[in-house]
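*Asks:* I have a structure I would like to understand better, so I am pasting it below and will then ask my questions one at a time.
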Amino acid sequence: MQQPLRPLTLAVLAATSALAHGADAVPTPATGDIIERVEVTATRTGAVDVQDVPAAITVVKPDSLSRYGLGNLADIANVVPAMTVQQQGAGVNNVTMRGLVVRGIVPSEVQDASLVAVYIDEMPVTLKSANPDLKVLDLERVEVLQGPQGTLFGAGAMAGAVRQITRKPEFNDLFGSVEAVGSRTSGFGGTNHNLRGTVNLPVKDDVLALRVTGYTGRDSGYIRNAYNGATTNGVSTNQGRIAARLKASRDLLVDASITASNIKGGVNDAYADLAPYTTYALLPQASNDQLQLYNLTLNQELGTATLVSSTSYLHRKTWYVTSAQYPATAFIFGGQPPLMQSAYRIGNAIEDFAQELRLQSKGDGPLKWTAGAFYEQGRRDTRQDQPTAGFDARYAATRNFPGYDSQVNDQSFSPDNYFSGYQNTNSRQLALFAEATYTVWDRLDLTAGLRLFRGTQDFDLKFTGLFGNLVTATPAVPTGQPEVSSSSATARGANPRLAAAWRIDPDHTLYASAGKGFRYGGNNQPVPFNFCGVHAPTTFAPDSLWNFEAGSKNTLLGRRLTVNASAYLIDWDDVQVFNRLPCTYYFTQNAGKIRSKGVELESAFKLTRQASVGVSASYNHASATDTVVTGIPAQNIPAGSRVPYAPRFAASATASYTIPVAGADEVGLSASYAYRGEAYTNFAASQGSYARIPSSNTLNATVTYRTRGYEIGLFGTNLTNGAKVSDVVPNGIAIQPGNLVYLVRPRTVGLRVSARF
């Protein structure tokens, strides 16, 4: 892992010294004294040692997180400095890499396609602002691929990809594990607990096996509601997964899995002008995420190649409720008391089918290749409304509209409901892809790849209610006119990739690559001109980027030290810029260009058989290269403005030490530290909606005792409370007590007990 200058200088000097003196200058250590080899499948040409892959890939081992009782996407980001996650609640998150971001989390925005692809094995599960929080995956490793991965992983991987690789059933052994965790969170927090169990069941030797995993847990809330004294954001999670592996014939291997999840939680928001970790909500805030995920993967050996077929189906429902007393009172009743008990509710029903066929080469010849086709079809129905107790009577009295009824006069979903709407999308895409690597002189690998794609999205929208109608009801015209829109957007194109890797020797590689990333366009929700005074475009076009990267991978001191470094330059054109209007509506348009450049460094050092350390770091500078004219002067982006939500500098460090005791028993000591620099919520203060997201420091530590098949660990996370704020929504309402801030779980200390059988 990495620091910006001094570790890089030392690493280069060490590499130079090793090369100058030859391999014999470093004694060959024993097996336990070296860094273990980690194989990845990111190249989709079979398992390859990550040190042999000429690209920036970080591999995260599950136990490096589970020893601290951690494991979600935000925890992964803490050990991958190039990756950043904003999080507002369980499963309400946004993943960014390399400064490629222009907006934060907008739960009601169905058109904002993700820039980072999230995969479970061969299954894409990406959803911008709502990637699922699955704790039941029984992971073997996590592969984080920095930079565009469009050739092999499609339009959603414009900035990178996160691949969660699960353990597969084993045919001939019955075994399992169980883990119980109990902890307590400081401040307004309370007790937390979870139980996880896994069992591997051989059904028929060498033919059929099952692997079953279950997880149940409850995490306390830690934010206090000043309205009623309750703690608001506790989370309960129940998940299960069953995986089957069938050796159908000598050449056909079948993997099937079903994953189910039900997460009920709150929202991690508080107000900046109240006491720390305090919110004010007249109504309960909640989130609910129900998910079923099915996958069938076939691997058919064809002699010199392997045919892979992956079929996935996702069914997901999310429900998100926040208290909206301040906007309801301010926008409709001028901020005059009393505050209105108003709920802002967003529901999503998502279905997605994906099919990939891939043919990949086998063998050790100079030519390695993969080629295939990908088809995806999905539907997302989004429902929004804002039920507000007593709204109709108050509106009738203040607007001289006797008998006003939101449902009758403005066609809302129900009475006392000032905004109702749905946004339904149907999307489909088809892609053909191929990538090949040819080795010249046994040292030079030349790679070329191409993805051809076509995608279409159909969009239907209807907004009603006082805030949704084009023309609202009046006593003279007692029926409002709904806002209705239907549109379709189609895009096609090609993503090329070129790379070269020079293997100086088996331990040192230099590489360079150029690749294109692409994201589909979409359809805007209509913006009512009579309410906002803006003519917004109906659709927006695709955006794309070119990533130029150079790096090196080095294994030193007889594989006791690895040092990997990369530098990149990214030009992002026709950027899909987000315009948030004072009237609360928003739209997306293509405007301007962003340039992102930076360096990344990752190192690991096996000091002795018992001691290991790692340091990693990234520096990123991403900004608008020219003034972006949006058509709304207040939304224009000045040239040179820094992109929002992306820290300039991030770093992490880990250390572990094992103390042998009687017999095979041992005591393990581990600690991790992660730093994220400050970021901002918009390009420039002149645009408004501009607030600082402060830097964070996260310190975790654990001590573990292992004896035979048992493990007992005492752990602490966020020990210094140096990580507080994950996200900020700037305040634009005078009566609201400051910015809305989303807070990280404060110091938590607990005990973890696990057993293997």
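As shown in the structure tokens, the chain order sets the letters A, B, ...; within each chain, residues go from 1, and ligands are also counted from 1 in the order they appear.
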Give the strand (DSSP E or B) residues of range 530-723 of chain A, as assigned by DSSP on the backbone, as an MDAnalysis selection string.

*Replies:* chainID A and resid 539:540 543:556 561:573 576:580 586:590 593:606 611:624 628 637 642 649:660 666:676 679:680 692:693 696:707 710:717

*Asks:* Pick out the residues sitting within 10 Å of Ala90 in chain A, and hand them over as a list in words; count only C-alpha atoms, and ignore anything fewer than 3 positions along from it in its own chain.

*Replies:*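 Non-adjacent residues within range: Asn72, Gln87, Asn93, Ala130, Asn131, Pro132, Asp133, Leu134, Asn233, Gly234, Val235, Ser236, Thr237, Ile263, Lys264, Gly265, Gly266, Val267, Asn268, Ser287, Asn288 and Asp289 of chain A.
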
*Asks:* So that each row is one residue of range 310-385 of chain A with an atom at most 12 Å from range 455-459 of chain A, can you give its shortest atom pair and the distance in Å to one decimal, using only C-alpha atoms, rows by chain and rising number, as JSON lines?

*Replies:*
{"residue": "A:Phe374", "atom": "CA", "partner": "A:Gly455", "partner_atom": "CA", "distance": 11.4}
{"residue": "A:Tyr375", "atom": "CA", "partner": "A:Gly455", "partner_atom": "CA", "distance": 9.7}
{"residue": "A:Glu376", "atom": "CA", "partner": "A:Gly455", "partner_atom": "CA", "distance": 9.2}
{"residue": "A:Gln377", "atom": "CA", "partner": "A:Gly455", "partner_atom": "CA", "distance": 9.7}
{"residue": "A:Gly378", "atom": "CA", "partner": "A:Gln457", "partner_atom": "CA", "distance": 9.4}
{"residue": "A:Arg379", "atom": "CA", "partner": "A:Gln457", "partner_atom": "CA", "distance": 9.6}
{"residue": "A:Arg380", "atom": "CA", "partner": "A:Phe459", "partner_atom": "CA", "distance": 9.8}
{"residue": "A:Asp381", "atom": "CA", "partner": "A:Phe459", "partner_atom": "CA", "distance": 10.0}
{"residue": "A:Thr382", "atom": "CA", "partner": "A:Phe459", "partner_atom": "CA", "distance": 11.2}

*Asks:* List as a ChimeraX atom specification the protein and nucleic acid residues near Tyr673 in chain A, meaning an atom at most 6 Å away when only C-alpha atoms are counted, but skip any in the same chain fewer than 5 places from it.

*Replies:* /A:652-653,698-699

*Asks:* Nearest to Ala662 in chain A: which of A:Phe391, A:Leu466, A:Arg706, A:Ser696 is it, counting only C-alpha atoms?

*Replies:*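 For Ala662 in chain A, the nearest of the given residues is A:Arg706.
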
*Asks:* Which one is closest to Gly160 in chain A: A:Glu143, A:Asp273, A:Asp206, A:Asp173? Count only C-alpha atoms.

*Replies:*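 Among the listed residues, A:Glu143 lies closest to Gly160 in chain A.
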
*Asks:* As a ChimeraX atom specification, please: every residue in range 153-378 of chain A that a backbone DSSP assignment puts in alpha helix (DSSP H).

*Replies:* /A:153,325-333

*Asks:* For the residues in the current selection, export all heavy atoms as a JSON list (two decimals), in the first residue's frame.

*Replies:*
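In the end it all went to out37.json:
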[["chain", "number", "residue", "atom", "x", "y", "z"],
["A", 153, "PHE", "N", -16.40, -5.27, -19.33],
["A", 153, "PHE", "CA", -17.47, -5.16, -18.34],
["A", 153, "PHE", "C", -18.53, -4.12, -18.69],
["A", 153, "PHE", "O", -19.44, -3.89, -17.89],
["A", 153, "PHE", "CB", -16.86, -4.85, -16.96],
["A", 153, "PHE", "CG", -16.03, -5.97, -16.43],
["A", 153, "PHE", "CD1", -14.65, -5.94, -16.55],
["A", 153, "PHE", "CD2", -16.61, -7.07, -15.84],
["A", 153, "PHE", "CE1", -13.87, -6.98, -16.07],
["A", 153, "PHE", "CE2", -15.84, -8.12, -15.36],
["A", 153, "PHE", "CZ", -14.46, -8.08, -15.48],
["A", 325, "GLN", "N", -40.50, 17.96, 6.73],
["A", 325, "GLN", "CA", -41.27, 19.05, 7.33],
["A", 325, "GLN", "C", -40.79, 20.42, 6.91],
["A", 325, "GLN", "O", -41.59, 21.36, 6.77],
["A", 325, "GLN", "CB", -41.27, 18.93, 8.85],
["A", 325, "GLN", "CG", -39.93, 19.19, 9.53],
["A", 325, "GLN", "CD", -39.14, 17.91, 9.79],
["A", 325, "GLN", "OE1", -39.55, 16.84, 9.35],
["A", 325, "GLN", "NE2", -38.02, 18.02, 10.48],
["A", 326, "TYR", "N", -39.48, 20.56, 6.67],
["A", 326, "TYR", "CA", -38.96, 21.89, 6.33],
["A", 326, "TYR", "C", -39.31, 22.33, 4.91],
["A", 326, "TYR", "O", -39.82, 23.43, 4.72],
["A", 326, "TYR", "CB", -37.45, 21.94, 6.58],
["A", 326, "TYR", "CG", -37.10, 21.76, 8.03],
["A", 326, "TYR", "CD1", -36.37, 20.66, 8.46],
["A", 326, "TYR", "CD2", -37.52, 22.67, 8.99],
["A", 326, "TYR", "CE1", -36.06, 20.48, 9.80],
["A", 326, "TYR", "CE2", -37.22, 22.51, 10.34],
["A", 326, "TYR", "CZ", -36.49, 21.40, 10.74],
["A", 326, "TYR", "OH", -36.19, 21.24, 12.07],
["A", 327, "PRO", "N", -39.08, 21.51, 3.87],
["A", 327, "PRO", "CA", -39.50, 21.96, 2.53],
["A", 327, "PRO", "C", -41.01, 22.11, 2.40],
["A", 327, "PRO", "O", -41.48, 23.03, 1.73],
["A", 327, "PRO", "CB", -38.95, 20.87, 1.59],
["A", 327, "PRO", "CG", -38.64, 19.70, 2.46],
["A", 327, "PRO", "CD", -38.30, 20.27, 3.80],
["A", 328, "ALA", "N", -41.78, 21.22, 3.03],
["A", 328, "ALA", "CA", -43.24, 21.34, 2.93],
["A", 328, "ALA", "C", -43.72, 22.66, 3.52],
["A", 328, "ALA", "O", -44.60, 23.33, 2.95],
["A", 328, "ALA", "CB", -43.90, 20.16, 3.65],
["A", 329, "THR", "N", -43.16, 23.06, 4.64],
["A", 329, "THR", "CA", -43.57, 24.30, 5.29],
["A", 329, "THR", "C", -43.04, 25.52, 4.56],
["A", 329, "THR", "O", -43.74, 26.53, 4.40],
["A", 329, "THR", "CB", -43.09, 24.31, 6.75],
["A", 329, "THR", "OG1", -43.52, 23.11, 7.41],
["A", 329, "THR", "CG2", -43.64, 25.51, 7.50],
["A", 330, "ALA", "N", -41.79, 25.44, 4.08],
["A", 330, "ALA", "CA", -41.15, 26.61, 3.46],
["A", 330, "ALA", "C", -41.70, 26.89, 2.07],
["A", 330, "ALA", "O", -42.02, 28.05, 1.74],
["A", 330, "ALA", "CB", -39.65, 26.39, 3.39],
["A", 331, "PHE", "N", -41.80, 25.88, 1.23],
["A", 331, "PHE", "CA", -42.14, 26.12, -0.17],
["A", 331, "PHE", "C", -43.62, 26.44, -0.38],
["A", 331, "PHE", "O", -43.98, 27.12, -1.33],
["A", 331, "PHE", "CB", -41.77, 24.90, -1.02],
["A", 331, "PHE", "CG", -40.28, 24.68, -1.13],
["A", 331, "PHE", "CD1", -39.76, 23.41, -1.17],
["A", 331, "PHE", "CD2", -39.41, 25.74, -1.17],
["A", 331, "PHE", "CE1", -38.40, 23.19, -1.27],
["A", 331, "PHE", "CE2", -38.05, 25.55, -1.27],
["A", 331, "PHE", "CZ", -37.53, 24.27, -1.31],
["A", 332, "ILE", "N", -44.48, 25.96, 0.50],
["A", 332, "ILE", "CA", -45.91, 26.14, 0.28],
["A", 332, "ILE", "C", -46.50, 27.20, 1.21],
["A", 332, "ILE", "O", -47.36, 27.98, 0.81],
["A", 332, "ILE", "CB", -46.65, 24.80, 0.44],
["A", 332, "ILE", "CG1", -46.06, 23.77, -0.51],
["A", 332, "ILE", "CG2", -48.14, 24.96, 0.17],
["A", 332, "ILE", "CD1", -46.58, 22.37, -0.31],
["A", 333, "PHE", "N", -45.99, 27.25, 2.45],
["A", 333, "PHE", "CA", -46.59, 28.15, 3.43],
["A", 333, "PHE", "C", -45.60, 29.19, 3.93],
["A", 333, "PHE", "O", -45.73, 29.72, 5.04],
["A", 333, "PHE", "CB", -47.17, 27.34, 4.59],
["A", 333, "PHE", "CG", -48.21, 26.36, 4.14],
["A", 333, "PHE", "CD1", -47.96, 24.99, 4.17],
["A", 333, "PHE", "CD2", -49.44, 26.79, 3.64],
["A", 333, "PHE", "CE1", -48.91, 24.09, 3.75],
["A", 333, "PHE", "CE2", -50.39, 25.89, 3.21],
["A", 333, "PHE", "CZ", -50.13, 24.53, 3.26]]

*Asks:* Write out as a list in words each polymer residue whose atoms come within 8 Å of Leu208 in chain A, counting only C-alpha atoms; drop sequence neighbours fewer than 2 positions from it.

*Replies:*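 Residues meeting the cut-off are Phe171, Pro202, Val203, Lys204, Asp205, Asp206, Leu210, Ala244, Arg245, Leu246 and Lys247 of chain A.
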
*Asks:* Could you save the residues just selected, with C-alpha atoms, as a compact mmCIF listing (two decimals), in the first residue's frame?

*Replies:*
# COMPACT_ATOMS: atom_id res chain seq x y z
CA PHE A 171 -17.37 -31.81 -3.71
CA PRO A 202 -21.18 -32.86 -0.42
CA VAL A 203 -24.21 -34.56 -1.98
CA LYS A 204 -22.39 -36.93 -4.30
CA ASP A 205 -18.60 -37.29 -4.34
CA ASP A 206 -16.97 -35.53 -7.29
CA LEU A 210 -24.00 -27.37 -1.87
CA ALA A 244 -24.70 -25.49 -5.87
CA ARG A 245 -21.91 -26.93 -7.99
CA LEU A 246 -22.54 -29.82 -10.36
CA LYS A 247 -19.96 -31.72 -12.39

*Asks:* Between A:Asp352, A:Gly421, A:Pro506, A:Thr322, single out the one closest to Thr126 in chain A, counting only C-alpha atoms.

*Replies:*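 For Thr126 in chain A, the nearest of the candidates is A:Asp352.
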
*Asks:* For Thr562 in chain A, please output as a PyMOL selection string all residues within 7 Å (counting only C-alpha atoms; exclusion window: fewer than 3 positions along the same chain).

*Replies:* chain A and resi 554-556+559+603-605

*Asks:* Pull C-alpha atoms from the residues just selected and write them as a PDB file, in the first residue's frame.

*Replies:*
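Writing the result to part07.pdb gives the following:
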ATOM      1  CA  ASN A 554       7.475  -5.173  -8.812  1.00  0.00           C
ATOM      2  CA  THR A 555       8.180  -8.134  -6.561  1.00  0.00           C
ATOM      3  CA  LEU A 556      11.305  -7.697  -4.460  1.00  0.00           C
ATOM      4  CA  ARG A 559       8.667 -12.051  -2.788  1.00  0.00           C
ATOM      5  CA  SER A 603       2.860  -1.888  -1.412  1.00  0.00           C
ATOM      6  CA  ALA A 604       2.990  -4.860   0.929  1.00  0.00           C
ATOM      7  CA  PHE A 605       5.961  -6.008   2.986  1.00  0.00           C
TER       8      PHE A 605
END

*Asks:* If we count only C-alpha atoms and set the cut-off at 8 Å, which residues sit around Phe548 in chain A, ignoring sequence neighbours fewer than 3 positions away in its own chain? Please answer as a list of chain:residue names.

*Replies:*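 Answer for this query is A:Ala512, A:Ser513, A:Ala514, A:Gly515, A:Tyr568, A:Leu569, A:Ile570.
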
*Asks:* Take the residues from that selection and write them out as a PDB file, in the first residue's frame, keeping C-alpha atoms.

*Replies:*
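Listing of selection38.pdb after writing:
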ATOM      1  CA  ALA A 512       1.066   1.223 -20.606  1.00  0.00           C
ATOM      2  CA  SER A 513      -2.529   1.272 -21.816  1.00  0.00           C
ATOM      3  CA  ALA A 514      -5.129   3.431 -23.503  1.00  0.00           C
ATOM      4  CA  GLY A 515      -8.814   2.645 -23.228  1.00  0.00           C
ATOM      5  CA  TYR A 568      -3.141   8.095 -15.345  1.00  0.00           C
ATOM      6  CA  LEU A 569      -4.612  10.893 -17.429  1.00  0.00           C
ATOM      7  CA  ILE A 570      -8.345  10.843 -18.211  1.00  0.00           C
TER       8      ILE A 570
END

*Asks:* Would you mind telling me which residue in A:Val59, A:Asn238, A:Gln336, A:Tyr277 lies nearest to Ala77 in chain A when using only C-alpha atoms?

*Replies:*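 Counting only C-alpha atoms, the residue closest to Ala77 in chain A is A:Val59.
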
*Asks:* I'd like the contact shell of range 481-495 of chain A - 6 Å cut-off, only C-alpha atoms, skipping same-chain residues fewer than 3 positions apart - returned as a compact mmCIF listing (two decimals) with all heavy atoms, in the first residue's frame.

*Replies:*
# COMPACT_ATOMS: atom_id res chain seq x y z
N THR A 151 -14.30 -2.57 -22.12
CA THR A 151 -14.15 -3.63 -23.11
C THR A 151 -14.77 -4.93 -22.62
O THR A 151 -15.51 -5.60 -23.34
CB THR A 151 -12.66 -3.86 -23.44
OG1 THR A 151 -12.09 -2.62 -23.87
CG2 THR A 151 -12.51 -4.89 -24.54
N LEU A 450 -11.94 -4.70 -28.07
CA LEU A 450 -13.00 -3.86 -28.62
C LEU A 450 -14.35 -4.36 -28.12
O LEU A 450 -14.59 -5.57 -28.05
CB LEU A 450 -12.97 -3.90 -30.15
CG LEU A 450 -14.01 -3.03 -30.88
CD1 LEU A 450 -13.71 -1.54 -30.65
CD2 LEU A 450 -14.03 -3.34 -32.37
N ARG A 451 -15.22 -3.41 -27.77
CA ARG A 451 -16.60 -3.73 -27.42
C ARG A 451 -17.52 -2.90 -28.28
O ARG A 451 -17.41 -1.67 -28.31
CB ARG A 451 -16.87 -3.44 -25.93
CG ARG A 451 -18.24 -3.95 -25.45
CD ARG A 451 -18.44 -3.60 -23.98
NE ARG A 451 -19.64 -4.20 -23.41
CZ ARG A 451 -19.65 -5.33 -22.71
NH1 ARG A 451 -18.51 -5.99 -22.50
NH2 ARG A 451 -20.77 -5.80 -22.20
N LEU A 452 -18.41 -3.54 -29.01
CA LEU A 452 -19.44 -2.89 -29.81
C LEU A 452 -20.75 -3.00 -29.07
O LEU A 452 -21.11 -4.08 -28.59
CB LEU A 452 -19.56 -3.54 -31.19
CG LEU A 452 -18.27 -3.63 -32.02
CD1 LEU A 452 -18.52 -4.42 -33.30
CD2 LEU A 452 -17.76 -2.23 -32.35
N PHE A 453 -21.50 -1.91 -28.97
CA PHE A 453 -22.69 -1.94 -28.12
C PHE A 453 -23.81 -1.09 -28.72
O PHE A 453 -23.59 -0.17 -29.51
CB PHE A 453 -22.36 -1.45 -26.71
CG PHE A 453 -21.69 -0.10 -26.70
CD1 PHE A 453 -22.42 1.07 -26.76
CD2 PHE A 453 -20.30 -0.01 -26.65
CE1 PHE A 453 -21.79 2.30 -26.76
CE2 PHE A 453 -19.66 1.22 -26.65
CZ PHE A 453 -20.41 2.38 -26.70
N ARG A 454 -25.01 -1.41 -28.29
CA ARG A 454 -26.20 -0.64 -28.63
C ARG A 454 -27.18 -0.75 -27.48
O ARG A 454 -27.43 -1.84 -26.97
CB ARG A 454 -26.85 -1.17 -29.90
CG ARG A 454 -28.05 -0.35 -30.38
CD ARG A 454 -28.68 -0.95 -31.62
NE ARG A 454 -29.68 -0.09 -32.20
CZ ARG A 454 -30.96 -0.03 -31.82
NH1 ARG A 454 -31.37 -0.80 -30.80
NH2 ARG A 454 -31.81 0.78 -32.40
N GLY A 455 -27.71 0.39 -27.03
CA GLY A 455 -28.64 0.39 -25.91
C GLY A 455 -29.81 1.32 -26.17
O GLY A 455 -29.66 2.37 -26.80
N THR A 456 -30.99 0.93 -25.68
CA THR A 456 -32.20 1.73 -25.84
C THR A 456 -32.92 1.80 -24.50
O THR A 456 -32.99 0.81 -23.76
CB THR A 456 -33.13 1.12 -26.89
OG1 THR A 456 -32.48 1.09 -28.15
CG2 THR A 456 -34.42 1.92 -27.02
N GLN A 457 -33.45 2.96 -24.20
CA GLN A 457 -34.26 3.12 -23.00
C GLN A 457 -35.56 3.85 -23.35
O GLN A 457 -35.55 4.89 -24.02
CB GLN A 457 -33.52 3.92 -21.93
CG GLN A 457 -34.29 4.04 -20.63
CD GLN A 457 -33.74 5.10 -19.70
OE1 GLN A 457 -34.01 6.28 -19.87
NE2 GLN A 457 -32.95 4.67 -18.73
N ASP A 458 -36.69 3.27 -22.90
CA ASP A 458 -37.99 3.90 -23.02
C ASP A 458 -38.39 4.44 -21.65
O ASP A 458 -38.21 3.76 -20.63
CB ASP A 458 -39.05 2.91 -23.51
CG ASP A 458 -38.68 2.31 -24.86
OD1 ASP A 458 -38.20 3.07 -25.72
OD2 ASP A 458 -38.88 1.09 -25.04
N PHE A 459 -38.95 5.63 -21.63
CA PHE A 459 -39.18 6.34 -20.38
C PHE A 459 -40.59 6.91 -20.37
O PHE A 459 -41.02 7.58 -21.33
CB PHE A 459 -38.15 7.46 -20.24
CG PHE A 459 -38.28 8.30 -19.01
CD1 PHE A 459 -38.07 7.76 -17.75
CD2 PHE A 459 -38.58 9.65 -19.10
CE1 PHE A 459 -38.16 8.54 -16.62
CE2 PHE A 459 -38.67 10.45 -17.97
CZ PHE A 459 -38.47 9.89 -16.73
N ASP A 460 -41.32 6.64 -19.29
CA ASP A 460 -42.67 7.18 -19.10
C ASP A 460 -42.75 7.83 -17.73
O ASP A 460 -42.27 7.26 -16.73
CB ASP A 460 -43.73 6.09 -19.21
CG ASP A 460 -43.79 5.48 -20.59
OD1 ASP A 460 -44.06 6.22 -21.55
OD2 ASP A 460 -43.54 4.27 -20.71
N LEU A 461 -43.39 8.98 -17.68
CA LEU A 461 -43.46 9.74 -16.44
C LEU A 461 -44.82 10.39 -16.30
O LEU A 461 -45.42 10.84 -17.29
CB LEU A 461 -42.35 10.78 -16.41
CG LEU A 461 -42.32 11.80 -15.27
CD1 LEU A 461 -40.89 12.18 -14.94
CD2 LEU A 461 -43.11 13.08 -15.62
N LYS A 462 -45.30 10.44 -15.07
CA LYS A 462 -46.50 11.22 -14.76
C LYS A 462 -46.33 11.82 -13.37
O LYS A 462 -46.11 11.10 -12.39
CB LYS A 462 -47.75 10.34 -14.80
CG LYS A 462 -49.04 11.13 -14.55
CD LYS A 462 -50.27 10.24 -14.65
CE LYS A 462 -51.55 11.06 -14.43
NZ LYS A 462 -52.76 10.19 -14.53
N PHE A 463 -46.43 13.15 -13.29
CA PHE A 463 -46.38 13.87 -12.02
C PHE A 463 -47.73 14.53 -11.78
O PHE A 463 -48.31 15.14 -12.70
CB PHE A 463 -45.30 14.95 -12.04
CG PHE A 463 -43.90 14.42 -11.92
CD1 PHE A 463 -42.81 15.26 -12.18
CD2 PHE A 463 -43.64 13.11 -11.55
CE1 PHE A 463 -41.52 14.79 -12.06
CE2 PHE A 463 -42.34 12.64 -11.45
CZ PHE A 463 -41.28 13.48 -11.69
N THR A 464 -48.20 14.43 -10.55
CA THR A 464 -49.44 15.09 -10.18
C THR A 464 -49.24 15.76 -8.82
O THR A 464 -48.16 15.73 -8.24
CB THR A 464 -50.61 14.09 -10.11
OG1 THR A 464 -50.30 13.09 -9.13
CG2 THR A 464 -50.85 13.42 -11.45
N ASN A 469 -48.11 19.10 -11.07
CA ASN A 469 -48.92 19.46 -12.22
C ASN A 469 -48.33 20.61 -13.02
O ASN A 469 -47.68 21.50 -12.48
CB ASN A 469 -50.33 19.86 -11.78
CG ASN A 469 -51.14 18.67 -11.29
OD1 ASN A 469 -50.78 17.52 -11.55
ND2 ASN A 469 -52.23 18.94 -10.58
N LEU A 470 -48.60 20.58 -14.33
CA LEU A 470 -48.24 21.71 -15.18
C LEU A 470 -49.02 22.95 -14.77
O LEU A 470 -48.47 24.04 -14.64
CB LEU A 470 -48.54 21.38 -16.64
CG LEU A 470 -47.55 20.47 -17.37
CD1 LEU A 470 -48.13 20.05 -18.70
CD2 LEU A 470 -46.24 21.19 -17.58
N VAL A 471 -50.32 22.79 -14.58
CA VAL A 471 -51.21 23.87 -14.16
C VAL A 471 -51.98 23.36 -12.96
O VAL A 471 -52.67 22.35 -13.04
CB VAL A 471 -52.17 24.30 -15.28
CG1 VAL A 471 -53.09 25.40 -14.79
CG2 VAL A 471 -51.39 24.75 -16.52
N LYS A 516 -11.02 3.33 -23.80
CA LYS A 516 -12.17 4.23 -23.84
C LYS A 516 -13.26 3.71 -22.91
O LYS A 516 -13.49 2.51 -22.82
CB LYS A 516 -12.72 4.34 -25.26
CG LYS A 516 -13.81 5.39 -25.42
CD LYS A 516 -14.28 5.47 -26.87
CE LYS A 516 -15.36 6.55 -27.03
NZ LYS A 516 -15.86 6.61 -28.43
N GLY A 522 -29.83 9.30 -21.55
CA GLY A 522 -31.10 9.00 -20.89
C GLY A 522 -32.13 10.07 -21.15
O GLY A 522 -32.00 10.92 -22.04

*Asks:* One decimal, in Å: what's the spacing between CA of Ala684 in chain A and CA of Asn731 in chain A?

*Replies:*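 That distance, rounded to one decimal, is 15.5 Å.
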
*Asks:* Taking only C-alpha atoms into account, name the residue in A:Met83, A:Val661, A:Val118, A:Val162 that is nearest to Glu600 in chain A.

*Replies:*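 Closest to Glu600 in chain A, using only C-alpha atoms: A:Met83.
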